[in-house]
>>> print(open('upload.cif').read())   # mmCIF, C-alpha atoms
data_entry
#
loop_
_atom_site.label_atom_id
_atom_site.label_comp_id
_atom_site.auth_asym_id
_atom_site.auth_seq_id
_atom_site.Cartn_x
_atom_site.Cartn_y
_atom_site.Cartn_z
CA MET A 1 -3.89 -12.48 11.26
CA LYS A 2 -1.99 -11.07 14.23
CA LEU A 3 -1.46 -14.55 15.67
CA LEU A 4 -0.26 -15.83 12.29
CA ALA A 5 2.22 -12.95 11.98
CA MET A 6 3.51 -13.51 15.52
CA ALA A 7 3.98 -17.24 14.87
CA LEU A 8 5.90 -16.54 11.66
CA MET A 9 8.04 -13.92 13.41
CA LEU A 10 8.78 -16.39 16.22
CA CYS A 11 10.00 -18.94 13.68
CA ASP A 12 12.34 -16.40 12.11
CA HIS A 13 13.74 -15.29 15.46
CA MET A 14 14.20 -18.90 16.62
CA TRP A 15 16.24 -19.55 13.49
CA ALA A 16 18.36 -16.47 14.27
CA THR A 17 19.07 -17.69 17.81
CA VAL A 18 18.32 -21.14 19.20
CA ILE A 19 17.70 -23.19 16.01
CA PRO A 20 20.18 -21.78 13.47
CA GLY A 21 20.20 -24.84 11.21
CA ALA A 22 16.51 -24.78 10.31
CA ALA A 23 16.56 -22.63 7.17
CA TRP A 24 12.87 -23.30 6.53
CA MET A 25 12.04 -21.29 9.65
CA THR A 26 13.55 -18.08 8.33
CA SER A 27 12.03 -18.78 4.91
CA ILE A 28 8.48 -18.79 6.27
CA GLY A 29 9.48 -15.95 8.57
CA ARG A 30 9.79 -13.72 5.48
CA LEU A 31 5.99 -13.51 5.49
CA ALA A 32 5.77 -11.89 8.92
CA PHE A 33 6.87 -8.33 8.20
CA PRO A 34 4.46 -7.61 5.32
CA ILE A 35 1.55 -8.81 7.46
CA PHE A 36 2.60 -6.51 10.30
CA ALA A 37 3.13 -3.65 7.84
CA PHE A 38 -0.39 -4.17 6.47
CA GLN A 39 -1.77 -4.12 10.02
CA ILE A 40 -0.01 -0.82 10.75
CA ALA A 41 -1.55 0.74 7.64
CA GLU A 42 -4.98 -0.62 8.62
CA GLY A 43 -4.54 0.51 12.21
CA PHE A 44 -3.70 4.03 11.05
CA ALA A 45 -6.76 4.09 8.79
CA ARG A 46 -9.09 2.99 11.58
CA THR A 47 -7.73 4.66 14.70
CA HIS A 48 -9.47 7.72 16.12
CA HIS A 49 -6.54 8.54 18.40
CA PHE A 50 -3.38 8.78 16.32
CA LYS A 51 -1.22 10.11 19.15
CA GLY A 52 -2.29 7.27 21.42
CA TYR A 53 -1.66 4.67 18.72
CA LEU A 54 1.77 6.08 17.93
CA GLY A 55 2.54 6.48 21.62
CA ARG A 56 1.83 2.82 22.40
CA ILE A 57 4.05 1.59 19.60
CA PHE A 58 6.83 4.00 20.59
CA LEU A 59 6.59 2.89 24.24
CA PHE A 60 6.96 -0.76 23.31
CA ALA A 61 9.75 0.15 20.89
CA LEU A 62 11.67 1.57 23.84
CA ILE A 63 10.85 -1.47 25.99
CA SER A 64 11.95 -3.82 23.20
CA GLU A 65 15.28 -2.18 22.42
CA ILE A 66 17.42 -3.89 25.06
CA PRO A 67 15.98 -7.36 24.32
CA PHE A 68 16.48 -6.67 20.61
CA ASN A 69 20.08 -5.57 21.20
CA LEU A 70 20.75 -8.77 23.12
CA MET A 71 19.24 -10.93 20.40
CA TYR A 72 20.77 -9.13 17.45
CA GLY A 73 24.10 -7.88 18.78
CA GLY A 74 24.65 -10.02 21.88
CA ASN A 75 24.96 -6.91 24.03
CA VAL A 76 22.74 -4.53 25.98
CA ILE A 77 23.96 -1.63 23.83
CA TYR A 78 23.99 -2.13 20.08
CA PRO A 79 23.47 1.17 18.23
CA PHE A 80 23.79 -0.21 14.69
CA HIS A 81 20.32 -1.75 14.33
CA GLN A 82 17.02 -0.70 15.93
CA ASN A 83 13.98 -2.89 16.45
CA VAL A 84 11.06 -3.06 14.04
CA LEU A 85 8.69 -1.05 16.22
CA PHE A 86 10.81 2.02 15.50
CA THR A 87 10.31 1.22 11.80
CA PHE A 88 6.56 1.36 12.38
CA CYS A 89 6.83 4.62 14.32
CA LEU A 90 8.57 6.23 11.35
CA ALA A 91 5.98 4.76 9.00
CA LEU A 92 3.11 6.16 11.08
CA LEU A 93 4.63 9.64 10.98
CA MET A 94 4.95 9.39 7.20
CA LEU A 95 1.35 8.20 6.96
CA ARG A 96 0.24 11.20 8.98
CA LEU A 97 2.12 13.48 6.59
CA THR A 98 0.52 11.74 3.62
CA ARG A 99 -2.97 12.08 5.08
CA ALA A 100 -2.41 15.79 5.75
CA GLY A 101 -1.65 16.29 2.07
CA ALA A 102 -4.64 14.19 0.98
CA GLU A 103 -6.93 16.31 3.15
CA LYS A 104 -5.74 19.44 1.31
CA GLY A 105 -6.39 17.76 -2.02
CA GLY A 106 -5.06 18.63 -5.44
CA LEU A 107 -1.34 18.45 -6.01
CA TRP A 108 -0.74 18.39 -2.27
CA ARG A 109 -1.88 14.75 -2.23
CA TYR A 110 0.91 13.68 -4.57
CA LEU A 111 3.52 16.10 -3.27
CA THR A 112 3.22 14.95 0.34
CA LEU A 113 3.16 11.30 -0.73
CA GLY A 114 6.40 11.79 -2.63
CA VAL A 115 7.98 13.63 0.30
CA ALA A 116 6.79 10.95 2.74
CA CYS A 117 8.28 8.15 0.62
CA TRP A 118 11.62 9.96 0.23
CA LEU A 119 11.83 11.13 3.83
CA GLY A 120 10.67 7.81 5.24
CA TYR A 121 13.28 5.94 3.25
CA VAL A 122 16.10 8.32 4.21
CA LEU A 123 15.18 8.34 7.91
CA GLY A 124 14.80 4.56 7.92
CA GLN A 125 18.27 4.13 6.45
CA LEU A 126 19.95 6.72 8.67
CA SER A 127 18.37 5.45 11.89
CA MET A 128 19.18 1.84 10.94
CA VAL A 129 15.77 0.52 11.91
CA ASP A 130 14.85 -3.06 11.10
CA TYR A 131 14.17 -3.45 7.35
CA GLY A 132 15.54 0.08 6.91
CA GLY A 133 13.87 2.58 4.63
CA LEU A 134 12.31 -0.23 2.59
CA GLY A 135 10.38 -1.30 5.67
CA VAL A 136 8.87 2.17 5.93
CA LEU A 137 8.01 2.08 2.23
CA THR A 138 6.25 -1.26 2.69
CA VAL A 139 3.79 0.30 5.13
CA LEU A 140 3.25 3.24 2.77
CA LEU A 141 2.65 0.79 -0.09
CA PHE A 142 -0.24 -0.85 1.75
CA TRP A 143 -1.68 2.54 2.64
CA VAL A 144 -1.61 3.81 -0.94
CA CYS A 145 -3.02 0.58 -2.35
CA ARG A 146 -6.10 0.83 -0.14
CA GLU A 147 -7.46 3.54 -2.47
CA LEU A 148 -6.46 2.06 -5.83
CA PRO A 149 -9.05 0.24 -8.01
CA PHE A 150 -6.64 -2.64 -8.63
CA GLY A 151 -4.65 -2.21 -5.46
CA TRP A 152 -3.90 -5.91 -5.17
CA LEU A 153 -1.85 -5.78 -8.37
CA ALA A 154 0.11 -2.80 -7.05
CA GLU A 155 0.69 -4.66 -3.77
CA LEU A 156 1.98 -7.69 -5.64
CA ALA A 157 4.30 -5.66 -7.85
CA GLY A 158 5.43 -3.40 -5.00
CA LEU A 159 6.21 -6.22 -2.60
CA TRP A 160 8.16 -8.08 -5.26
CA ILE A 161 10.21 -5.02 -6.16
CA ILE A 162 10.94 -4.24 -2.50
CA ASN A 163 11.70 -7.80 -1.41
CA GLY A 164 12.67 -9.74 -4.50
CA VAL A 165 14.72 -7.02 -6.20
CA LEU A 166 15.86 -4.33 -3.76
CA MET A 167 16.45 -6.25 -0.53
CA GLY A 168 18.46 -9.06 -2.08
CA GLY A 169 19.90 -11.50 0.42
CA MET A 170 20.14 -15.28 0.24
CA GLN A 171 19.44 -16.87 -3.16
CA PHE A 172 17.97 -20.31 -3.84
CA PRO A 173 19.49 -22.04 -6.91
CA ILE A 174 16.73 -23.48 -9.13
CA SER A 175 16.96 -25.77 -12.16
CA LEU A 176 14.01 -25.82 -14.54
CA GLY A 177 13.98 -27.35 -18.01
CA GLY A 178 17.75 -27.21 -18.27
CA LEU A 179 17.84 -23.57 -17.20
CA GLU A 180 19.68 -22.45 -14.09
CA PHE A 181 18.51 -19.41 -12.17
CA SER A 182 18.16 -18.21 -8.60
CA PHE A 183 15.22 -17.11 -6.49
CA PRO A 184 15.70 -14.62 -3.64
CA GLN A 185 14.64 -15.97 -0.27
CA GLN A 186 13.30 -12.54 0.67
CA GLY A 187 10.98 -12.79 -2.33
CA LEU A 188 8.91 -15.30 -0.36
CA ALA A 189 7.51 -12.25 1.42
CA VAL A 190 5.00 -11.82 -1.42
CA LEU A 191 3.21 -14.94 -0.14
CA ALA A 192 2.08 -12.81 2.80
CA LEU A 193 -0.45 -11.33 0.39
CA LEU A 194 -2.49 -14.54 0.56
CA PRO A 195 -3.68 -14.06 4.17
CA ILE A 196 -3.79 -10.28 3.65
CA TRP A 197 -6.15 -10.63 0.70
CA MET A 198 -8.40 -12.91 2.78
CA TYR A 199 -8.84 -10.14 5.36
CA ASN A 200 -12.51 -9.13 5.41
CA GLY A 201 -12.07 -5.73 7.04
CA ARG A 202 -13.71 -6.77 10.29
CA ARG A 203 -12.03 -6.71 13.66
CA GLY A 204 -11.30 -10.13 15.10
CA PRO A 205 -12.15 -11.33 18.62
CA GLY A 206 -10.18 -9.99 21.56
CA GLY A 207 -10.31 -6.89 23.70
CA ARG A 208 -7.75 -4.57 25.23
CA GLY A 209 -6.07 -7.46 27.04
CA PHE A 210 -5.39 -9.26 23.76
CA GLN A 211 -4.17 -5.99 22.25
CA TYR A 212 -1.53 -5.55 24.94
CA PHE A 213 -0.63 -9.22 24.74
CA CYS A 214 0.26 -8.65 21.08
CA TYR A 215 2.36 -5.61 21.98
CA ALA A 216 4.12 -7.42 24.84
CA PHE A 217 4.79 -10.55 22.79
CA TYR A 218 7.52 -8.79 20.83
CA PRO A 219 9.88 -7.78 23.66
CA VAL A 220 9.08 -10.83 25.81
CA HIS A 221 9.79 -13.49 23.19
CA ILE A 222 13.01 -11.88 21.93
CA LEU A 223 14.25 -11.48 25.52
CA ILE A 224 13.61 -15.17 26.21
CA LEU A 225 15.32 -16.22 22.99
CA ALA A 226 18.28 -13.91 23.65
CA VAL A 227 18.78 -15.27 27.17
CA LEU A 228 18.57 -18.87 25.91
CA TRP A 229 20.99 -18.13 23.07
CA ILE A 230 23.59 -16.19 25.07
CA TYR A 231 23.56 -17.75 28.53
CA ILE A 232 22.13 -21.27 28.26
CA LEU A 233 22.57 -22.92 24.84
#
>>> encode(input="upload.cif", output="structure tokens")
Amino acid sequence: MKLLAMALMLCDHMWATVIPGAAWMTSIGRLAFPIFAFQIAEGFARTHHFKGYLGRIFLFALISEIPFNLMYGGNVIYPFHQNVLFTFCLALLMLRLTRAGAEKGGLWRYLTLGVACWLGYVLGQLSMVDYGGLGVLTVLLFWVCRELPFGWLAELAGLWIINGVLMGGMQFPISLGGLEFSFPQQGLAVLALLPIWMYNGRRGPGGRGFQYFCYAFYPVHILILAVLWIYIL
């Protein structure tokens, strides 16, 4: 699943830089973020060392910021948009808050969840991380749905509301039976649920080396694409 998400992300970033005319690449790239968000929620549920997990993501967020600035803003310094690893750092902090409330039980479970959703959204918007506050809420959605009897329905509805309704963006005109309507490109993100639902809960092959390869892939590939886009193509 990690390799699939990285391949989809690469397609989206190639469309944003070196192959701008291939709209299909950004369309399938819409599936990448929900898969990563699901993996963050799963990683939080399974890790025994929260500080280490958060620390690794924060470290690579810092490493990735200059490559991300180059790719997104064409400059080393671009304070108006932060890379997606900062989104996941915020989400992990909100998950930790949510778990603390769940451990207390009672009304604390719902109170801390509500606070985490509100605070995560506000901080995501104010810090201008990738996908904003809705990106943080996507991770929280997957976390909450892990404990619901029909969580898959909540995931489907939640992802559609977040991506198809709230995010907006490019619209595809569609004609069907004489009716004209539009479909939001970002709504394609709900298709990410297909590989997510096929996840069997078992860890795939690969050790620590593969783990760090996945972390390093993000800053390395966007740096390469940024250099190609700015200085060569």
>>> resolve_selection(input="upload.cif", expression="the PyMOL selection byres ((chain A and resi 120) around 12)", output="number ranges by chain")
A: 86-98, 112-119, 121-129, 131-141
>>> residues_around(input="upload.cif", residues="region 9-23 of chain A", least_positions_apart="2", cutoff="8 Å", atoms="only C-alpha atoms", output="list in words")
Ala5, Met6, Ala7, Met25, Thr26, Ser27, Ile28, Gly29, Arg30, Ala32, Phe33, Met71, His221, Ile222, Leu225, Ala226, Leu228, Trp229 and Leu233 of chain A
>>> resolve_selection(input="upload.cif", expression="the PyMOL selection byres ((chain A and resi 161-167) around 7)", output="list in words")
Leu134, Ala157, Gly158, Leu159, Trp160, Gly168, Gly169, Pro184, Gln186, Gly187 and Ala189 of chain A
>>> write_last_selection(input="upload.cif", atoms="C-alpha atoms", output="CSV table (one decimal), in the frame of the given file")
chain,number,residue,atom,x,y,z
A,134,LEU,CA,12.3,-0.2,2.6
A,157,ALA,CA,4.3,-5.7,-7.8
A,158,GLY,CA,5.4,-3.4,-5.0
A,159,LEU,CA,6.2,-6.2,-2.6
A,160,TRP,CA,8.2,-8.1,-5.3
A,168,GLY,CA,18.5,-9.1,-2.1
A,169,GLY,CA,19.9,-11.5,0.4
A,184,PRO,CA,15.7,-14.6,-3.6
A,186,GLN,CA,13.3,-12.5,0.7
A,187,GLY,CA,11.0,-12.8,-2.3
A,189,ALA,CA,7.5,-12.2,1.4
>>> resolve_selection(input="upload.cif", expression="the PyMOL selection byres ((chain A and resi 62-69) around 8)", output="ChimeraX atom specification")
/A:58-61,70-78,81-83,218-220,222-223,226
>>> closest_residue(input="upload.cif", among="A:Ala37, A:Gly106, A:Pro149, A:Arg56", to="Val84 (chain A)", atoms="all atoms listed in the file")
A:Ala37
>>> atom_distance(input="upload.cif", atom1="CA of Leu8 (chain A)", atom2="CA of Leu31 (chain A)")
6.9 Å
>>> atom_distance(input="upload.cif", atom1="CA of Leu85 (chain A)", atom2="CA of Ile57 (chain A)")
6.3 Å
>>> atom_distance(input="upload.cif", atom1="CA of His48 (chain A)", atom2="CA of Gly207 (chain A)")
16.5 Å
>>> axis_aligned_box(input="upload.cif", around="region 36-39 of chain A", padding_each_side="3 Å", output="JSON")
{"center_x": 0.7, "center_y": -5.1, "center_z": 8.4, "size_x": 10.9, "size_y": 8.9, "size_z": 9.8}
>>> closest_residue(input="upload.cif", among="A:Arg99, A:Phe181, A:Phe217, A:Leu176", to="Leu111 (chain A)", atoms="all atoms listed in the file")
A:Arg99
>>> decode(input="upload.cif", residues="region 98-160 of chain A", atoms="C-alpha atoms", output="PDB file, in the first residue's frame")
ATOM      1  CA  THR A  98      -8.103  11.944  21.362  1.00  0.00           C
ATOM      2  CA  ARG A  99      -6.546   8.816  22.846  1.00  0.00           C
ATOM      3  CA  ALA A 100      -5.945  10.595  26.158  1.00  0.00           C
ATOM      4  CA  GLY A 101      -9.652  11.358  26.367  1.00  0.00           C
ATOM      5  CA  ALA A 102     -10.614   7.810  25.375  1.00  0.00           C
ATOM      6  CA  GLU A 103      -8.415   6.422  28.146  1.00  0.00           C
ATOM      7  CA  LYS A 104     -10.333   8.521  30.691  1.00  0.00           C
ATOM      8  CA  GLY A 105     -13.618   7.244  29.313  1.00  0.00           C
ATOM      9  CA  GLY A 106     -17.088   8.671  29.686  1.00  0.00           C
ATOM     10  CA  LEU A 107     -17.762  12.097  28.280  1.00  0.00           C
ATOM     11  CA  TRP A 108     -14.041  12.767  28.037  1.00  0.00           C
ATOM     12  CA  ARG A 109     -13.917  10.485  24.979  1.00  0.00           C
ATOM     13  CA  TYR A 110     -16.323  12.686  23.032  1.00  0.00           C
ATOM     14  CA  LEU A 111     -15.139  15.994  24.453  1.00  0.00           C
ATOM     15  CA  THR A 112     -11.503  15.451  23.483  1.00  0.00           C
ATOM     16  CA  LEU A 113     -12.524  14.144  20.055  1.00  0.00           C
ATOM     17  CA  GLY A 114     -14.525  17.304  19.435  1.00  0.00           C
ATOM     18  CA  VAL A 115     -11.673  19.498  20.655  1.00  0.00           C
ATOM     19  CA  ALA A 116      -9.160  17.563  18.529  1.00  0.00           C
ATOM     20  CA  CYS A 117     -11.284  17.973  15.389  1.00  0.00           C
ATOM     21  CA  TRP A 118     -11.805  21.706  15.982  1.00  0.00           C
ATOM     22  CA  LEU A 119      -8.224  22.413  17.031  1.00  0.00           C
ATOM     23  CA  GLY A 120      -6.734  20.263  14.289  1.00  0.00           C
ATOM     24  CA  TYR A 121      -8.781  22.036  11.649  1.00  0.00           C
ATOM     25  CA  VAL A 122      -7.936  25.519  12.956  1.00  0.00           C
ATOM     26  CA  LEU A 123      -4.209  24.777  13.293  1.00  0.00           C
ATOM     27  CA  GLY A 124      -4.136  23.170   9.856  1.00  0.00           C
ATOM     28  CA  GLN A 125      -5.703  26.249   8.300  1.00  0.00           C
ATOM     29  CA  LEU A 126      -3.578  28.762  10.191  1.00  0.00           C
ATOM     30  CA  SER A 127      -0.289  26.962   9.526  1.00  0.00           C
ATOM     31  CA  MET A 128      -1.218  26.499   5.843  1.00  0.00           C
ATOM     32  CA  VAL A 129      -0.123  22.880   5.738  1.00  0.00           C
ATOM     33  CA  ASP A 130      -0.857  20.792   2.668  1.00  0.00           C
ATOM     34  CA  TYR A 131      -4.578  19.903   2.510  1.00  0.00           C
ATOM     35  CA  GLY A 132      -5.112  22.343   5.388  1.00  0.00           C
ATOM     36  CA  GLY A 133      -7.374  21.526   8.283  1.00  0.00           C
ATOM     37  CA  LEU A 134      -9.329  19.056   6.147  1.00  0.00           C
ATOM     38  CA  GLY A 135      -6.170  16.980   5.790  1.00  0.00           C
ATOM     39  CA  VAL A 136      -5.910  16.716   9.567  1.00  0.00           C
ATOM     40  CA  LEU A 137      -9.590  15.756   9.758  1.00  0.00           C
ATOM     41  CA  THR A 138      -9.021  13.003   7.187  1.00  0.00           C
ATOM     42  CA  VAL A 139      -6.535  11.279   9.491  1.00  0.00           C
ATOM     43  CA  LEU A 140      -8.919  11.671  12.430  1.00  0.00           C
ATOM     44  CA  LEU A 141     -11.719  10.195  10.308  1.00  0.00           C
ATOM     45  CA  PHE A 142      -9.777   6.993   9.731  1.00  0.00           C
ATOM     46  CA  TRP A 143      -8.889   6.788  13.414  1.00  0.00           C
ATOM     47  CA  VAL A 144     -12.483   7.157  14.571  1.00  0.00           C
ATOM     48  CA  CYS A 145     -13.802   4.706  11.992  1.00  0.00           C
ATOM     49  CA  ARG A 146     -11.507   1.958  13.262  1.00  0.00           C
ATOM     50  CA  GLU A 147     -13.833   1.504  16.256  1.00  0.00           C
ATOM     51  CA  LEU A 148     -17.202   1.841  14.517  1.00  0.00           C
ATOM     52  CA  PRO A 149     -19.278  -1.279  13.658  1.00  0.00           C
ATOM     53  CA  PHE A 150     -19.930   0.016  10.140  1.00  0.00           C
ATOM     54  CA  GLY A 151     -16.832   2.140   9.891  1.00  0.00           C
ATOM     55  CA  TRP A 152     -16.514   1.630   6.157  1.00  0.00           C
ATOM     56  CA  LEU A 153     -19.768   3.498   5.589  1.00  0.00           C
ATOM     57  CA  ALA A 154     -18.551   6.377   7.753  1.00  0.00           C
ATOM     58  CA  GLU A 155     -15.262   6.416   5.814  1.00  0.00           C
ATOM     59  CA  LEU A 156     -17.130   6.570   2.516  1.00  0.00           C
ATOM     60  CA  ALA A 157     -19.438   9.358   3.657  1.00  0.00           C
ATOM     61  CA  GLY A 158     -16.662  11.268   5.421  1.00  0.00           C
ATOM     62  CA  LEU A 159     -14.244  11.140   2.507  1.00  0.00           C
ATOM     63  CA  TRP A 160     -16.933  12.277   0.100  1.00  0.00           C
TER      64      TRP A 160
END
